[in-house]
Amino acid sequence: EPAMVYDLGGKFDKSFNEAAFNGAERWKAETGGTYREIELQSEAQREQALRRFAEAGLNPIVMAGFAFGAVLGEVAADYPDTKFVIIDTKVEAPNVRAIEYSEHQGSYLVGMMAAMASRTGTVGFIGGMDIPLIRKFACGYAQGVKAVNPDATVIQNMTGTTPAAWADPVKGGELARAQIAQGADVIYAAAGSTGVGVLQTAADEGILSIGVDSNQNYLHPGQVLTSMIKRVDIAVYNAFTAGADLETGYFVLGLADDGVGYALDEHNAALVTAEMQAAVDAAKAGIIAGEIVVHDYMSDNTCPVN
Amino acid sequence: MRDVMPRWADVVLIPLISLVLAFLLSAVVIVAIGEDPLAAVRMMVTGALGSTYAWGYTLYYATNFIFTGLAVAVAFHARLFNIGGEGQATLGGLGVALVCLALPWPHWVLALPAAVLAAALFGAAWAAIPAWLQAKRGSHIVITTIMFNFIGAAVLNYMLVNVMRPQGSMDPATERFPPGTHLPTLHDLLALVGIPFSKAAPANIAFLIALAACLLVWLLIWRTRLGYEIRAYGHSEPAAIYAGIRPVRVVMLTMLVSGALAGLMAVNTVMGEAERLVLNSVEGAGFIGIAVALMGRSHPFGVLLAAILFGFLYQGGAELALWTDIPRELIVVIQALVILFTGALDNMVRMPLERLFLALRKRRT
Amino acid sequence: MAGAEAPAAGRHPDAAPAIELRGISKAFGTVQANRDISLRVMPGTIHGIVGENGAGKSTLMSILYGFYKADAGEILVGGRRVTIPDSQAAIRAGIGMVFQHFKLVEPFTVLENVILGVEEGRLLKPALARARDTLQRLARDYELNVDPDARIEDLGVGMRQRVELLKALYRQADILILDEPTGVLTPTEADHLFRILKNLKSEGKTIILITHKLREIMAITDTVSVMRRGEMTATLETARTSPEQLAELMVGRKVLLRLDKKPATPDQTILEIENLRVTDDDGVERLKGVSLSVRAGEILGIAGVAGNGQSQLLEVLGGITPATGNVRVKGAEIDLTGRHSDGRSRRARGIAHVPEDRQREGLIMDFFAWENLVFGYHHDPACQRNRALMDNAAIRARAAEQMARFDVRPPDPDLAARNFSGGNQQKIVLAREIERNPDLLLVGQPTRGVDIGAIEFIHQRILDLRDAGSAVLLVSVELEEILSLSDRIAVMFDGRLMGERRPDQTDETELGLMMTGMRTEVA
Amino acid sequence: MMDFATILQVLDSTVRLAAPLLLACLAGLFSERAGIFDIGLEGKMLMAAFFSAATAAVTGSVWLGLAAGIAASMVLAGVHGLASITFRGNQLISGVAINFLAAGLTVVIAQDWFAQGGRTPSLLGGARFEAITLPLADTVRPVPILGPIYHDLISGHTIPVYFAFSMVPLTWWLLYRTRFGLRLRAVGESPEALDTAGVSVVATRYAAVAICGVLCGIAGAYLATALQAGFTKDMTAGRGYIALAALIFAKWRSWHALWATLLFGLLQAIALRYQNLQIGGVPLPVQLMDALPYILTVVILAGFVGRAIPPRAGGEPYVKER
Ligand SMILES: Nc1ncnc2c1ncn2[C@@H]1O[C@H](COP(=O)(O)OP(=O)(O)OP(=O)(O)O)[C@@H](O)[C@H]1O
Ligand SMILES: Nc1ncnc2c1ncn2[C@@H]1O[C@H](COP(=O)(O)OP(=O)(O)OP(=O)(O)O)[C@@H](O)[C@H]1O
Ligand SMILES: [Mg+2]
Ligand SMILES: [Mg+2]
């Protein structure tokens with residue numbers, strides 16, 4: 001029986017954790033299997049949760065979030081027969097499958113769309129916890145925006161310095177208001193369930209927003225320009241499907257692997273013009289082909305544009 | 001004139017009835033969310049007591065609650081309501097982490113006393129300002145300790161994010177403590193006497209420190225002059241002043257001891273279990289200390305029993321959350337009900353009982 | 001037992017009693033505060049109630065005023081049965097009460113206090129205006145002048161009592177209960193109060209007056225009831241009784257007014273006080289330069305109306321209140337403000353202290369008797385087992401002996417202090433303080449609320465200590481006690497000593513005059 | 001530095017963030033002025049937040065949600081009243097218990113009803129309080145300075161915000177100009193005075209506690225149905241404690257409560273927007289901003305900025321007979 005461990009935002013954060021949850025649910029629906037899951041209540045429980053599941057003989061154990069990195073190193077060594085999957089950070093151990101995504105690539109695409117949809121030439125970015133991973137989103141986004149409109153302004157805010165930043169919709173809403181006041185008319189939220197507040201405020205104030213991780217277009221139909229989807233669900237689904245025979249190692253999934261992308265569905269069809277779509281698809285092809293290189297913030301902790 | 005009730009009724013009967021009421025109400029909640037309370041209890045018992053692994057967790061949590069429960073109890077004796085165990089334990093954690101990371105400790109035997117000292121000092125320091133404000137300025141210690149919980153959280157947050165987070169890490173946590181600081185677990189300790197015990201459970205030598213703390217607190221309160229003065233002050237401040245007991249001194253010392261005890265909890269969590277400092281490693285244990293002290297009638301032995309009960313609830317509750325649809329917050333509900341019935345609604349049980357005993361006595365005479 | 005029939009008195013001998021109580025009983029937990037009490041008070045009279053502390057006087061009156069609910073019994077007002085479940089009902093029945101401990105809202109103004117509960121309407125404005133007018137009228141009619149806009153916290157006790165009276169009058173009370181109104185008053189204020197009461201009586205109002213002072217009973221009441229241990233022992237016509245008879249009824253046996261005591265043999269000076277001054281938290285100077293001395297083997301009694309600084313004097317000497325001036329014990333200067341100005345340092349200097357309020361200060365009511373018997377002396381080397389721990393076994397053993405010697409009943413060191421009667425509680429305190437053979441014993445109100453048997457015992461112990469060569473400083477509001485115990489008597493008034501007398505060369509009248517601040521320095 | 005528009009923005013969000021603090025603070029004011037200390041403001045708000053969101057989500061009506069929120073908060077107020085008035089228990093302990101009860105029950109029930117990890121579904125349309133535009137807001141907008149102030153700052157908030165601010169003079173009037181207020185203040189200073197004046201201490205205190213419940217209920221409902229669109233676990237995030245701090249800061253007075261909560265709201269608004277604030281070249285860590293309300297309260301309590309004297313009978317149960 002496989003197991004899923006969600007990070008502090010909770011499995012219904014409509015974003016990162018929920019993507020993982022959706023993958024697990026899809027596996028359950030398709031195979032009729034069962035799995036165990038736990039939502040963390042505090043940082044201190046990470047290790048306990050992993051050990052509890054490993055003790056109970058669950059296999060594989062999938063965890064969503066970079067913050068598990070530090071404890072997984074320890075725990076994995078104690079349970080060599082259990083396979084672990086960690087998303088968003090690199091952990092090297094023989095029984096660990098570590099998956100990272102090229103979020104900068106997906107963010108680049110939605111950045112282009114933001115720039116094209118913006119009338120004011122000012123777009124916003126609201127990140128969750130201020131860590132290199134989120135700066136990677138921001139940097140990719142900014143590059144996409146500038147690629148379309150070099151004169152555009154990208155306002156960037158982070159919500160906090162601790163995991164609480166992933167779960168503060170009020171703060172997200174207030175930051176969105178602040179950015180709107182500064183002229184932003186498209187805001188990209190990469191902040192877990194904090195982003196729900198951003199999208200809500202954007203809808204209330206009549207501007208466009210961009211969702212993250214899961215497809216969030218449905219939250220405010222006609223008011224969410226698109227979502228930068230990160231296919232955590234596929235990672236979970238694949239891990240569950242592979243079961244104990246899971247291939248371990250380190251994997252980076254990008255546009256080429258459909259690990260990241262932008263969402264297009266009936267909720268935002270009216271917002272995405274054909275021209276927009278063409279430009280973005282071209283860029284996607286360019287990136288896959290290596291003609292366009294999107295700088296990865298985490299490679300050197302700097303961003304060429306901002 | 002005599003007491004209306006015999007002592008055993010006050011010490012045993014009332015808490016017991018209160019506890020039963022709290023549990024009955026909890027059962028109602030479980031039924032209301034469509035679960036079977038009996039099955040839940042069974043699962044909690046196996047999950048918390050059914051294996052050495054389970055015991056290891058139960059005792060690990062109980063260790064925390066012994067420390068915070070003693071902290072609240074000691075303050076209660078001076079009629080001080082230290083609601084700041086959370087903050088004091090947080091700072092205790094900071095102290096432990098600083099000590100563990102400061103030196104390349106060769107062996108835990110050396111690191112442990114230093115960490116114990118640091119945890120106690122940091123915890124006491126965090127209680128000192130509210131204590132001083134209470135003693136000198138009469139600011140209500142409940143409010144100041146609440147404020148210091150928040151300030152403590154901010155301090156830890158700042159330290160972990162801006163100072164102690166290792167280079168390149170995204171996680172607001174310190175790096176792992178060096179192996180020389182790793183404490184022996186119950187597995188290691190019991191192995192010495194040949195008893196097999198789960199290796200994965202986090203209960204560690206801090207449990208023994210907690211037991212020692214119970215004994216020391218008992219000695220302090222009932223066998224030393226300071227304890228005598230603390231109790232006297234708690235019963236009557238004017239009488240204490242008459243007797244030459246200085247309120248400032250008693251309030252300060254009591255709160256320092258209380259804060260130190262709360263801080264010691266970090267030896268268990270930060271040094272014994274996590275082996276690094278993370279945000280919110282206290283996980284509400286400071287507040288559970290209130291319930292533990294109330295239930296244990298502020299007596300170290302009562303605190304020990306109540307702490308084990310809460311350790312059981314905590315671990316059992318975690319198991320429930322894991323294997324059923326009952327969320328972990330059910331434990332918070334139970335905890336709230338225990339505090340409500342043993343603390344705030346004490347008279348609800350006491351008044352009818354007193355009437356009963358009064359009537360019984362009248363009948364006898 | 002039922003109360004005796006009240007002899008008819010006052011202006012309407014045939015009228016129904018203004019108040020009639022029948023078979024009132026009330027218990028607080030295990031304490032039976034009132035037992036089957038009956039009482040009749042005729043309209044237009046002043047009726048006194050006397051009794052020892054804890055006899056149940058206040059409880060009975062509080063029941064009449066609806067503050068407590070009686071367990072049994074009935075109340076008739078003006079001949080009609082009424083139920084008084086709360087004070088509102090009492091007020092409606094025309095009953096007003098001035099409590100022993102005032103029931104005023106301190107941060108409120110006089111006006112606000114007066115209208116509280118009788119605002120007549122949802123808004124305050126009309127009520128305040130009406131009350132202002134009424135107060136003006138009452139002030140005129142009864143010499144009850146108070147600034148209606150003053151805050152209670154800024155008023156002295158005398159003024160506060162006026163406000164309480166005004167409250168009752170504003171509610172148009174016909175029956176006024178006053179619970180120990182003169183305890184806190186200066187003699188002038190008390191005289192003023194009695195003038196008002198007579199005035200009210202002449203208007204046909206009925207007054208019930210609780211007091212400890214038999215003098216007042218004799219002076220102002222028409223009839224008087226005596227209570228003892230929750231029961232009503234007698235109701236008499238004042239004109240046909242005497243203080244001695246009342247005292248006997250109060251305590252249940254003949255009262256010895258004078259003790260047998262050997263003449264004092266004063267020795268070297270133990271306590272010297274020079275120019276002692278104390279200012280309390282409210283900035284009021286309570287001691288205004290007191291100087292006195294006490295020698296070994298003598299008892300100095302301090303007489304005075306409560307609130308004239310005697311308590312502060314004891315508290316300063318006991319290390320509770322800081323002060324300025326000089327105090328020397330056996331020639332050594334005592335620290336009055338610094339690091340050594342606490343009870344512990346005083347005890348180390350041979351000063352023992354029996355505080356005025358044993359339950360609030362002298363004892364920890366929830367501690368066992370044996371713990372209380374070292375209270376304040378718990379740092380003594382004899383109490384320690386080693387550097388860290390106390391020797392509880394030894395303390396308990398010594399406590400048992402002391403309790404036996406002081407005839408504490410029951411002599412059980414493992415009983416909590418709160419479970420002893422007042423007299424036995426006091427014996428515990430005395431045992432603790434006297435058995436240390438102090439150089440100086442400070443005693444405040446040693447026999448307050450203590451039954452006569454215990455009084456004699458306690459007095460004897462204090463004399464024994466004197467004869468053993470200790471200096472004793474005695475403060476008491478009971479003039480008889482002062483007269484019978486002291487070797488010298490100093491009278492205190494308004495924070496100053498008014499002069500000194502020898503007990504055999506003075507009497508209650510002279511002392512009483514001095515206590516009112518009148519200089520009688522003729523000798 | 002900040003321009004006028006930014007200042008307006010920050011003030012605007014100050015108003016939004018101060019509103020729940022103000023409501024809770026006034027709630028505490030009523031309770032504590034009547035002598036019932038209440039550290040359970042947080043719990044009552046949380047309970048109200050959940051039940052208002054849940055009801056609004058199910059019925060689609062924010063007004064029904066508001067009613068449910070108030071009712072839920074009143075139930076907890078009733079528990080507090082029972083413990084501290086009827087059974088004369090320890091008010092602080094009761095408050096602690098209530099906070100835990102709310103923290104636990106909201107999640108347990110939310111999980112049972114909605115199975116969304118302790119949340120309610122997002123609220124849409126009529127299930128939320130919408131911002132209302134005050135008359136003439138658009139007309140006067142072009143007027144310099146005053147126009148934007150009226151349009152951006154004063155207009156455009158939700159009904160509970162306006163309610164919260166109008167409660168300030170109302171509270172003052174109630175306390176100082178009405179019979180009820182006189183009695184309420186009296187019972188907090190000297191319950192025996194009120195009792196002997198023939199007014200029921202118990203009834204007066206229950207009334208105060210009930211008002212506290214209503215105001216906390218509105219505060220909680222505002223959080224879930226106006227400030228946010230739905231309930232999330234622990235969404236009060238310590239606001240009850242900040243309100244308590246503000247109450248001390250305000251020295252238990254209604255107008256002071258307004259300034260205190262506005263100040264704390266401003267601190268929150270600034271902390272929300274500026275992760276790294278520089279003042280005179282010195283970087284202020286955001287953690288300091290977060291902790292500032294608490295630090296200020298401690299400073300106030302220490303008596304360095306005028307002393308806060310609580311109602312005299314506060315925290316003590318009224319015991320006539322031992
Ligand atoms: N509220 C109360 N709760 C419990 N016991 C009480 C209460 N009030 C009085 N008692 C007890 O009832 C008895 C009678 O007390 P009461 O106050 O009526 O005496 P009193 O005659 O007025 O004495 P004093 O002269 O000291 O005023 C005492 O034993 C007292 O301790
Ligand atoms: N000026 C003073 N006034 C009153 N008490 C005093 C004064 N000086 C000392 N004492 C008390 O008298 C006792 C004996 O004093 P002394 O200084 O000789 O004691 P000690 O053994 O040195 O104790 P310590 O270590 O506390 O100074 C002590 O309990 C002390 O507190
Ligand atoms: Mg009395
Ligand atoms: Mg010395």
# chains A, B, ... in the order shown; residues from 1 in each chain; ligands from 1
>>> residues_near_ligand(ligand="ligand 1", cutoff="10 Å", atoms="only C-alpha atoms and all ligand atoms", output="PyMOL selection string")
(chain B and resi 1) or (chain C and resi 26-34+49-63+67-68+99-101+179-180+210-212+227-230+421-422+448-449) or (chain D and resi 319-322)
>>> interface_residues(of="chain B", to="chain C", cutoff="10 Å", atoms="only C-alpha atoms", output="PyMOL selection string")
chain B and resi 1-4+219-220+222-229+231-246+354-355+358+361-362
>>> interface_residues(of="chain D", to="chain A", cutoff="7 Å", atoms="only C-alpha atoms", output="ChimeraX atom specification")
/D:9,13,116-117,227-228,272-273
>>> residues_around(residues="Val91 in chain A", least_positions_apart="2", cutoff="9 Å", atoms="only C-alpha atoms", output="JSON, numbers by chain")
{"A": [69, 70, 72, 73, 86, 89, 93, 96, 97, 98, 249, 250]}
>>> residues_around(residues="Pro94 in chain A", least_positions_apart="6", cutoff="12 Å", atoms="only C-alpha atoms", output="list in words")
Leu72, Gly73, Ala76, Ala77, Asp78, Tyr79, Pro80, Asp81, Thr82, Lys83, Phe84, Val85, Leu246, Glu247, Thr248, Gly249 and Tyr250 of chain A
>>> write_last_selection(atoms="C-alpha atoms", output="PDB file, in the first residue's frame")
ATOM      1  CA  LEU A  72      14.344  12.186   4.542  1.00  0.00           C
ATOM      2  CA  GLY A  73      18.108  11.794   4.452  1.00  0.00           C
ATOM      3  CA  ALA A  76      15.599   6.736   4.287  1.00  0.00           C
ATOM      4  CA  ALA A  77      18.771   5.234   5.667  1.00  0.00           C
ATOM      5  CA  ASP A  78      16.829   3.572   8.486  1.00  0.00           C
ATOM      6  CA  TYR A  79      14.355   1.892   6.123  1.00  0.00           C
ATOM      7  CA  PRO A  80      16.378   0.645   3.193  1.00  0.00           C
ATOM      8  CA  ASP A  81      13.571  -1.601   1.970  1.00  0.00           C
ATOM      9  CA  THR A  82      11.107   1.247   1.652  1.00  0.00           C
ATOM     10  CA  LYS A  83      11.053   3.457  -1.432  1.00  0.00           C
ATOM     11  CA  PHE A  84      10.591   7.173  -0.926  1.00  0.00           C
ATOM     12  CA  VAL A  85       9.596   9.827  -3.414  1.00  0.00           C
ATOM     13  CA  LEU A 246       9.816   2.304  -8.248  1.00  0.00           C
ATOM     14  CA  GLU A 247      12.842   3.537 -10.093  1.00  0.00           C
ATOM     15  CA  THR A 248      14.960   5.634  -7.772  1.00  0.00           C
ATOM     16  CA  GLY A 249      17.257   8.461  -8.654  1.00  0.00           C
ATOM     17  CA  TYR A 250      17.084  12.133  -9.455  1.00  0.00           C
TER      18      TYR A 250
END
>>> interface_residues(of="chain C", to="chain D", cutoff="6 Å", atoms="only C-alpha atoms", output="PyMOL selection string")
chain C and resi 87-88+103-105+117+122-124
>>> residues_around(residues="Trp370 in chain C", least_positions_apart="4", cutoff="6 Å", atoms="only C-alpha atoms", output="JSON, numbers by chain")
{"C": [396, 399, 413]}
>>> residues_around(residues="Val217 in chain B", least_positions_apart="5", cutoff="9 Å", atoms="only C-alpha atoms", output="list in words")
Leu70, Val74, Ala212, Trp222, Gly227, His299 and Pro300 of chain B
>>> select_by_dssp(residues="range 174-228 of chain C", states="alpha helix (DSSP H)", output="list of chain:residue names")
C:Pro187, C:Thr188, C:Glu189, C:Ala190, C:Asp191, C:His192, C:Leu193, C:Phe194, C:Arg195, C:Ile196, C:Leu197, C:Lys198, C:Asn199, C:Leu200, C:Lys201, C:Ser202, C:Leu214, C:Arg215, C:Glu216, C:Ile217, C:Met218, C:Ala219, C:Ile220
>>> interface_residues(of="chain A", to="chain B", cutoff="8 Å", atoms="only C-alpha atoms", output="ChimeraX atom specification")
/A:36-38,42-44,47,51,66-67,131-133,161-162
>>> atom_distance(atom1="CA of Gly261 in chain A", atom2="CA of Gly106 in chain A")
5.0 Å
